Every structure is written in structure tokens, then in C-alpha cells.
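So this block is start.txt, compact mmCIF, C-alpha atoms and all ligand atoms:
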```
# COMPACT_ATOMS: atom_id res chain seq x y z
CA MET V 1 189.83 87.73 207.66
CA SER V 2 186.45 89.32 208.11
CA GLY V 3 183.17 87.46 208.01
CA LEU V 4 179.84 88.11 206.34
CA TRP V 5 176.86 89.81 207.98
CA ILE V 6 173.39 89.02 206.66
CA THR V 7 170.20 90.54 208.03
CA PHE V 8 166.57 89.62 207.34
CA GLU V 9 163.91 92.32 207.35
CA GLY V 10 160.18 92.49 206.70
CA GLY V 11 156.87 92.88 208.45
CA ASP V 12 155.66 90.57 211.21
CA GLY V 13 154.65 87.24 209.66
CA SER V 14 156.74 87.62 206.48
CA GLY V 15 158.73 84.40 207.04
CA LYS V 16 162.11 85.83 208.12
CA THR V 17 162.77 83.17 210.71
CA THR V 18 162.11 80.31 208.27
CA GLN V 19 164.45 81.81 205.69
CA ALA V 20 167.15 82.57 208.27
CA SER V 21 167.02 78.92 209.40
CA LEU V 22 167.24 77.57 205.85
CA LEU V 23 170.24 79.78 205.12
CA GLU V 24 171.89 78.75 208.38
CA GLU V 25 171.49 75.03 207.53
CA TRP V 26 172.98 75.53 204.08
CA LEU V 27 175.97 77.51 205.35
CA ARG V 28 176.69 75.02 208.14
CA ALA V 29 176.48 72.15 205.65
CA SER V 30 179.06 73.91 203.52
CA GLY V 31 181.41 74.13 206.51
CA ARG V 32 180.93 77.75 207.62
CA THR V 33 180.78 78.84 211.23
CA VAL V 34 177.47 80.62 211.69
CA VAL V 35 176.22 82.87 214.47
CA ARG V 36 172.45 83.09 214.43
CA THR V 37 171.03 86.07 216.25
CA ARG V 38 168.27 88.66 216.35
CA GLU V 39 167.18 92.12 217.44
CA PRO V 40 165.81 92.88 219.84
CA GLY V 41 167.11 90.18 222.18
CA GLY V 42 170.39 88.80 220.78
CA THR V 43 172.17 89.14 224.14
CA GLU V 44 171.28 88.76 227.81
CA VAL V 45 170.86 92.52 228.19
CA GLY V 46 168.93 92.48 224.92
CA MET V 47 166.46 89.92 226.27
CA LEU V 48 165.60 92.35 229.08
CA VAL V 49 165.09 95.16 226.57
CA ARG V 50 163.02 92.85 224.35
CA ASP V 51 160.71 92.10 227.22
CA ILE V 52 160.07 95.83 227.75
CA VAL V 53 159.55 96.82 224.11
CA LEU V 54 157.35 93.85 223.21
CA HIS V 55 155.48 93.08 226.39
CA HIS V 56 155.25 96.18 228.60
CA ARG V 57 151.60 96.84 229.36
CA GLY V 58 150.73 100.44 228.62
CA ASP V 59 152.31 103.19 226.60
CA ILE V 60 155.99 103.74 225.92
CA ALA V 61 156.77 107.19 224.51
CA PRO V 62 157.90 106.82 220.86
CA ARG V 63 161.35 108.33 221.52
CA ALA V 64 161.85 106.07 224.52
CA GLU V 65 160.93 103.06 222.37
CA ALA V 66 163.43 104.17 219.71
CA LEU V 67 166.17 104.52 222.34
CA LEU V 68 165.42 101.09 223.81
CA TYR V 69 165.83 99.43 220.39
CA ALA V 70 169.02 101.45 219.85
CA ALA V 71 170.37 100.41 223.26
CA ASP V 72 169.75 96.74 222.48
CA ARG V 73 171.49 97.26 219.13
CA ALA V 74 174.54 99.02 220.60
CA HIS V 75 175.21 96.21 223.07
CA HIS V 76 174.47 93.48 220.50
CA VAL V 77 176.81 94.84 217.83
CA ALA V 78 179.62 95.60 220.28
CA THR V 79 179.57 92.31 222.18
CA LEU V 80 178.33 89.73 219.67
CA VAL V 81 178.21 90.82 216.02
CA ARG V 82 181.55 92.60 215.66
CA PRO V 83 183.56 89.95 217.51
CA ALA V 84 182.00 87.17 215.36
CA LEU V 85 182.76 89.05 212.13
CA ALA V 86 186.31 89.68 213.33
CA ARG V 87 186.71 85.90 213.77
CA GLY V 88 185.65 85.48 210.12
CA GLU V 89 182.25 83.96 210.94
CA VAL V 90 178.93 84.43 209.16
CA VAL V 91 176.32 86.31 211.20
CA ILE V 92 172.68 85.68 210.28
CA GLN V 93 170.42 88.12 212.03
CA ASP V 94 166.65 88.63 212.25
CA ARG V 95 166.11 92.42 212.01
CA TYR V 96 168.49 95.37 212.35
CA LEU V 97 168.42 99.15 211.99
CA ASP V 98 166.13 99.06 208.95
CA SER V 99 163.42 97.80 211.33
CA SER V 100 163.91 100.88 213.50
CA VAL V 101 163.65 103.21 210.51
CA ALA V 102 160.48 101.43 209.33
CA TYR V 103 158.73 100.85 212.70
CA GLN V 104 159.87 103.82 214.81
CA GLY V 105 160.38 106.17 211.86
CA GLU V 106 157.36 105.61 209.63
CA GLY V 107 155.27 103.56 212.07
CA ARG V 108 155.61 105.85 215.11
CA VAL V 109 156.13 108.89 212.87
CA LEU V 110 159.56 109.96 214.11
CA ASP V 111 162.11 111.45 211.72
CA ALA V 112 163.52 108.57 209.66
CA ASP V 113 167.00 110.13 209.27
CA GLU V 114 167.25 110.82 212.98
CA ILE V 115 166.29 107.22 213.76
CA ARG V 116 168.85 105.85 211.30
CA ASN V 117 171.56 108.17 212.65
CA LEU V 118 170.74 107.16 216.22
CA SER V 119 171.39 103.52 215.32
CA LEU V 120 174.52 104.38 213.37
CA TRP V 121 175.81 106.27 216.41
CA ALA V 122 174.90 103.32 218.65
CA THR V 123 176.84 100.87 216.49
CA GLU V 124 179.69 103.11 215.29
CA GLY V 125 178.35 102.93 211.75
CA ALA V 126 177.92 99.17 211.36
CA LEU V 127 175.97 98.11 208.25
CA PRO V 128 175.29 94.54 207.03
CA ASP V 129 176.81 93.12 203.83
CA VAL V 130 173.47 91.71 202.68
CA THR V 131 169.93 92.58 203.79
CA VAL V 132 167.09 90.35 202.61
CA LEU V 133 163.70 92.08 202.62
CA LEU V 134 160.76 89.67 202.58
CA ASP V 135 158.02 91.86 201.22
CA LEU V 136 154.44 90.95 202.11
CA ASP V 137 151.11 92.72 201.97
CA PRO V 138 150.08 93.47 205.60
CA ALA V 139 146.68 91.78 205.13
CA ALA V 140 148.38 88.53 204.09
CA ALA V 141 150.83 88.89 206.98
CA ARG V 142 147.96 89.34 209.41
CA ALA V 143 146.27 86.18 208.11
CA ARG V 144 149.51 84.25 208.78
CA LEU V 145 149.80 85.66 212.31
CA ASP V 146 146.14 84.84 213.01
CA ALA V 147 146.72 81.27 211.84
CA ASP V 148 149.64 80.98 214.33
CA ASP V 149 147.16 81.51 217.16
CA LYS V 150 149.71 83.23 219.45
CA PRO V 151 148.99 86.43 221.42
CA PHE V 152 150.12 89.59 219.56
CA ASP V 153 153.01 91.65 220.96
CA ARG V 154 152.87 95.47 221.20
CA LEU V 155 153.95 96.02 217.60
CA GLU V 156 151.95 93.20 216.07
CA ALA V 157 148.84 94.59 217.75
CA GLU V 158 149.17 97.87 215.84
CA LYS V 159 146.51 98.68 213.23
CA ALA V 160 146.61 97.91 209.51
CA ASP V 161 147.67 101.43 208.48
CA PHE V 162 150.73 101.22 210.80
CA HIS V 163 151.81 98.01 209.06
CA GLY V 164 151.09 99.56 205.67
CA ARG V 165 153.48 102.43 206.48
CA VAL V 166 156.10 99.97 207.72
CA ARG V 167 155.92 98.05 204.44
CA THR V 168 156.25 101.23 202.34
CA ALA V 169 159.23 102.32 204.44
CA PHE V 170 161.04 99.00 203.98
CA LEU V 171 160.57 99.19 200.20
CA ALA V 172 161.90 102.76 200.13
CA LEU V 173 164.96 101.73 202.17
CA ALA V 174 165.64 98.88 199.74
CA ALA V 175 165.29 101.18 196.74
CA ALA V 176 167.79 103.60 198.28
CA GLU V 177 170.45 100.90 198.84
CA PRO V 178 170.04 98.34 196.03
CA ASP V 179 173.56 96.91 196.57
CA ARG V 180 172.85 95.92 200.15
CA PHE V 181 169.22 94.81 199.74
CA LEU V 182 167.70 91.77 198.09
CA VAL V 183 163.91 92.24 197.89
CA LEU V 184 161.85 89.07 197.59
CA ASP V 185 158.12 88.45 197.27
CA ALA V 186 157.32 86.62 200.51
CA THR V 187 154.36 84.80 198.94
CA LEU V 188 156.74 82.65 196.85
CA PRO V 189 157.30 79.07 198.06
CA PRO V 190 159.91 78.91 200.86
CA ALA V 191 162.28 76.75 198.78
CA GLU V 192 162.27 79.28 195.97
CA LEU V 193 162.98 82.13 198.39
CA ALA V 194 165.79 80.14 199.98
CA ALA V 195 167.41 79.55 196.59
CA ALA V 196 167.35 83.28 195.81
CA VAL V 197 168.91 84.08 199.21
CA ARG V 198 171.62 81.42 198.71
CA GLU V 199 172.49 82.83 195.31
CA ARG V 200 173.04 86.33 196.71
CA VAL V 201 175.01 85.07 199.70
CA ALA V 202 177.15 82.74 197.58
CA GLY V 203 178.05 85.73 195.40
CA ARG V 204 179.29 87.60 198.48
CA LEU V 205 181.23 84.65 199.90
CA ALA V 206 183.02 83.96 196.62
P1 LIG T 1 160.19 89.74 216.16
O1 LIG T 1 161.46 89.39 216.86
O2 LIG T 1 159.10 88.78 216.37
O3 LIG T 1 160.40 90.12 214.73
O4 LIG T 1 159.59 91.02 216.91
C1 LIG T 1 160.24 92.18 217.03
C2 LIG T 1 159.24 93.31 216.94
O5 LIG T 1 159.91 94.52 217.22
C3 LIG T 1 158.63 93.46 215.56
O6 LIG T 1 157.26 93.77 215.67
C4 LIG T 1 159.35 94.64 214.97
C5 LIG T 1 159.75 95.45 216.18
N1 LIG T 1 160.99 96.19 216.01
C6 LIG T 1 160.95 97.57 216.01
O7 LIG T 1 159.88 98.15 216.12
N2 LIG T 1 162.12 98.26 215.88
C7 LIG T 1 163.34 97.64 215.77
O8 LIG T 1 164.38 98.30 215.66
C8 LIG T 1 163.37 96.18 215.77
C9 LIG T 1 164.68 95.48 215.66
C10 LIG T 1 162.16 95.51 215.90
```
For the file at hand, write its structure as C-alpha cells.
Amino acid sequence: MSGLWITFEGGDGSGKTTQASLLEEWLRASGRTVVRTREPGGTEVGMLVRDIVLHHRGDIAPRAEALLYAADRAHHVATLVRPALARGEVVIQDRYLDSSVAYQGEGRVLDADEIRNLSLWATEGALPDVTVLLDLDPAAARARLDADDKPFDRLEAEKADFHGRVRTAFLALAAAEPDRFLVLDATLPPAELAAAVRERVAGRLA
């Protein structure tokens, strides 16, 4: 039996973590074994990489940044995601390769196909069954992050036009793979978003 792999994507402040938690609760209540994870930082090695990419003071060359995310991803998929799916479990994950295409591709202006292929090489071609994109205008996202009153990480601190490009890239990725993606308006009430996510996931579990 093979499990189900669900990823959440979207800009910083789009509500991915809330929706991932609501989905996790629902799946556990219905008796599923769930692995909840994230990139970067879903493994011990990944936590070290996360610290570099999010908190290193000073520049990281764009290609080095892309390779660091890909390295985190390679280890995460090989040691955590694939084994869980092989056991028939549901993996709920904050962010995956679509984030690299959006942030390192469009955001850092590297070649989007090269970035995607780098991640596909790193993970031997692993793609999720369902990807939920929580789409939010970067200005609204920024207002949410400001309200949180936490220090910004390296990516969050990027300017508005960076986050605008990231948003456009996510929407283009979703349009290119409509079977994998579910695009939701992140300004909807959380309960309404959760219901839409459940409906898509239930369809895949059936
Ligand atoms: P988060 O865990 O709070 O979402 O933060 C992760 C940050 O890293 C977020 O700003 C998006 C960024 N990121 C990339 O730039 N490329 C990637 O491949 C991934 C997974 C995340």
C-alpha cells in the first residue's frame, strides 16, 4: 500500500501552517497515521540547513541558496517522506519544490526549469499527490507578518516586488499542473479553506 503526500505552498503569511494543522487533526480523527513535516528543516540535517538559509547574516550566492534547499530536500525525501509513504501513511508537508521554483527561480531570478530539475534530481523525481496553494496578495501577507511581531527571516525581509514575483510564479505553477494543485483564496475564513482542502484530500483517499 502506498500513502498520500500533501504539500502546502504559498507566500510567507498565507496561513499554510494553520491549514496543515487543521488537515492533520481531521485525518488523525478519521484514524489515519499522519506524518507532519516541512521544508526546509524536516530532519536533523535539515534543521542545520534551515538555520543557514533563513538566519545566516550576510549574502548567500543565489545558486548556493538553491543547492542548500535542494540538499535539505534530498535528505528529507530519502529518509522521511518516502519511507512514510511506503508504510501507507499520509504525509502533510509545509513547502516543497514549488517553493524553490518560486523563490529561487522567480525571486532570485535563476532559471525556473533548472531549479525544478535540480530538485527532481535531488529527490529522484518525487512529486506530491496534492499541492494546496494558498494564494494571497503580498501586501496582505505583509500585514499579517507585521501583526505577528516576530523578526523577519532572510526571505521574509525581501522587498515587495520579490514577493510579487513569487506569487505570480506559484500561480503559473498551479496553472501548469491543475491535477496536482488546489488553488485557494487565502483571505477566506480558515474553516472554509479547511473544508475545501478536506474535500480534495477525501477524493484522493477514496
Ligand atoms: P517557512 O518555513 O516559515 O515557510 O520559511 C521558509 C522560507 O524559506 C520561506 O520564506 C520560503 C523559503 N523557501 C525557499 O526560498 N525555497 C524553498 O525551496 C523552500 C522550501 C523555502
Using all atoms listed in the file, which residues of the polymer chains come no farther than 6 Å from ligand LIG 1 (chain T)? I'd like the answer as a PDB file with C-alpha atoms, in the coordinates of the input.
```pdb
ATOM      1  CA  ASP V  12     155.660  90.570 211.210  1.00  0.00           C
ATOM      2  CA  GLU V  39     167.180  92.120 217.440  1.00  0.00           C
ATOM      3  CA  PRO V  40     165.810  92.880 219.840  1.00  0.00           C
ATOM      4  CA  TYR V  69     165.830  99.430 220.390  1.00  0.00           C
ATOM      5  CA  ARG V  95     166.110  92.420 212.010  1.00  0.00           C
ATOM      6  CA  TYR V  96     168.490  95.370 212.350  1.00  0.00           C
ATOM      7  CA  LEU V  97     168.420  99.150 211.990  1.00  0.00           C
ATOM      8  CA  SER V  99     163.420  97.800 211.330  1.00  0.00           C
ATOM      9  CA  SER V 100     163.910 100.880 213.500  1.00  0.00           C
ATOM     10  CA  TYR V 103     158.730 100.850 212.700  1.00  0.00           C
ATOM     11  CA  GLN V 104     159.870 103.820 214.810  1.00  0.00           C
ATOM     12  CA  LEU V 155     153.950  96.020 217.600  1.00  0.00           C
ATOM     13  CA  GLU V 156     151.950  93.200 216.070  1.00  0.00           C
TER      14      GLU V 156
END
```
Gap from atom CA of Leu173 of chain V to atom CA of Gly10 of chain V - Å, one decimal: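 Separating atom CA of Leu173 of chain V from atom CA of Gly10 of chain V is a distance of 11.3 Å.
Distances to Arg198 of chain V were evaluated for V:Leu27, V:Val101, V:Leu4, V:Glu89 using all atoms listed in the file, and the minimum falls at V:Leu27.
Atom to atom, atom CA of Leu133 of chain V and atom CA of Arg116 of chain V stand 17.1 Å apart.
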Nearby residues (all atoms listed in the file) at most 12 Å from Ala126 of chain V, same-chain spacing under 2 positions excluded, as an MDAnalysis selection string: chainID V and resid 5 73:74 76:78 81:82 85 96:97 116:124 128:129
Please tabulate, as a tab-separated table, the residues of segment 69-173 of chain V that come within 10 Å of segment 55-63 of chain V, each with its closest pair of atoms and the distance in Å to one decimal, counting all atoms listed in the file and ordering rows by chain, then residue number upward.
```
residue	atom	partner	partner_atom	distance
V:Gln104	CA	V:Pro62	CA	7.0
V:Gly105	CA	V:Pro62	CA	9.4
V:Gly107	CA	V:Pro62	CA	9.7
V:Arg108	CA	V:Pro62	CA	6.3
V:Val109	CA	V:Pro62	CA	8.4
V:Leu110	CA	V:Pro62	CA	7.6
V:Ile115	CA	V:Arg63	CA	9.3
V:Phe152	CA	V:His55	CA	9.4
V:Asp153	CA	V:His55	CA	6.1
V:Arg154	CA	V:His55	CA	6.3
V:Leu155	CA	V:His55	CA	9.4
```
Can you write out the residues you just picked, keeping C-alpha atoms, as a compact mmCIF listing (two decimals), keeping the file's coordinate frame?
```
# COMPACT_ATOMS: atom_id res chain seq x y z
CA GLN V 104 159.87 103.82 214.81
CA GLY V 105 160.38 106.17 211.86
CA GLY V 107 155.27 103.56 212.07
CA ARG V 108 155.61 105.85 215.11
CA VAL V 109 156.13 108.89 212.87
CA LEU V 110 159.56 109.96 214.11
CA ILE V 115 166.29 107.22 213.76
CA PHE V 152 150.12 89.59 219.56
CA ASP V 153 153.01 91.65 220.96
CA ARG V 154 152.87 95.47 221.20
CA LEU V 155 153.95 96.02 217.60
```
Give me the box for segment 181-188 of chain V as AutoDock Vina command-line options, namely the centre and edge lengths in Å to one decimal of a box along x, y and z that holds every listed atom plus 3 Å on each side.
```
--center_x 161.8 --center_y 88.7 --center_z 198.7 --size_x 20.9 --size_y 18.2 --size_z 9.7
```
Kindly provide the residues of segment 19-116 of chain V that approach segment 174-190 of chain V to within 12 Å, each paired with its closest atom pair and their distance in Å to one decimal, based on only C-alpha atoms, listed by chain and increasing number, as a tab-separated table.
```
residue	atom	partner	partner_atom	distance
V:Gln19	CA	V:Pro190	CA	7.2
V:Ala20	CA	V:Pro190	CA	11.0
V:Ser21	CA	V:Pro190	CA	11.1
V:Leu22	CA	V:Pro190	CA	9.0
V:Leu23	CA	V:Pro190	CA	11.2
V:Asp98	CA	V:Ala174	CA	9.2
V:Ser99	CA	V:Ala174	CA	11.9
V:Val101	CA	V:Ala174	CA	11.8
V:Ala102	CA	V:Ala174	CA	11.2
```
How would the residues just picked look written out with C-alpha atoms as a PDB file, in the frame of the given file?
```pdb
ATOM      1  CA  GLN V  19     164.450  81.810 205.690  1.00  0.00           C
ATOM      2  CA  ALA V  20     167.150  82.570 208.270  1.00  0.00           C
ATOM      3  CA  SER V  21     167.020  78.920 209.400  1.00  0.00           C
ATOM      4  CA  LEU V  22     167.240  77.570 205.850  1.00  0.00           C
ATOM      5  CA  LEU V  23     170.240  79.780 205.120  1.00  0.00           C
ATOM      6  CA  ASP V  98     166.130  99.060 208.950  1.00  0.00           C
ATOM      7  CA  SER V  99     163.420  97.800 211.330  1.00  0.00           C
ATOM      8  CA  VAL V 101     163.650 103.210 210.510  1.00  0.00           C
ATOM      9  CA  ALA V 102     160.480 101.430 209.330  1.00  0.00           C
TER      10      ALA V 102
END
```
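If only C-alpha atoms are the atoms counted, then among V:Gly13, V:Gly203, V:Gly164, V:Gly46 the closest residue to Arg142 of chain V is V:Gly13.
With distances taken over all atoms listed in the file, V:Ala139 is the one residue among V:Ala195, V:Val201, V:Ala139, V:Leu134 lying closest to Lys159 of chain V.
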Interatomic distance, atom CA of Asp51 of chain V to atom CA of Gln93 of chain V (Å, one decimal):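 About the pair atom CA of Asp51 of chain V and atom CA of Gln93 of chain V: they are 18.5 Å apart.
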Using only C-alpha atoms: which of V:Ala196, V:Val45, V:Ile92, V:Leu171 has the shortest distance to Thr79 of chain V: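 Ranking V:Ala196, V:Val45, V:Ile92, V:Leu171 by distance to Thr79 of chain V, first place goes to V:Val45.
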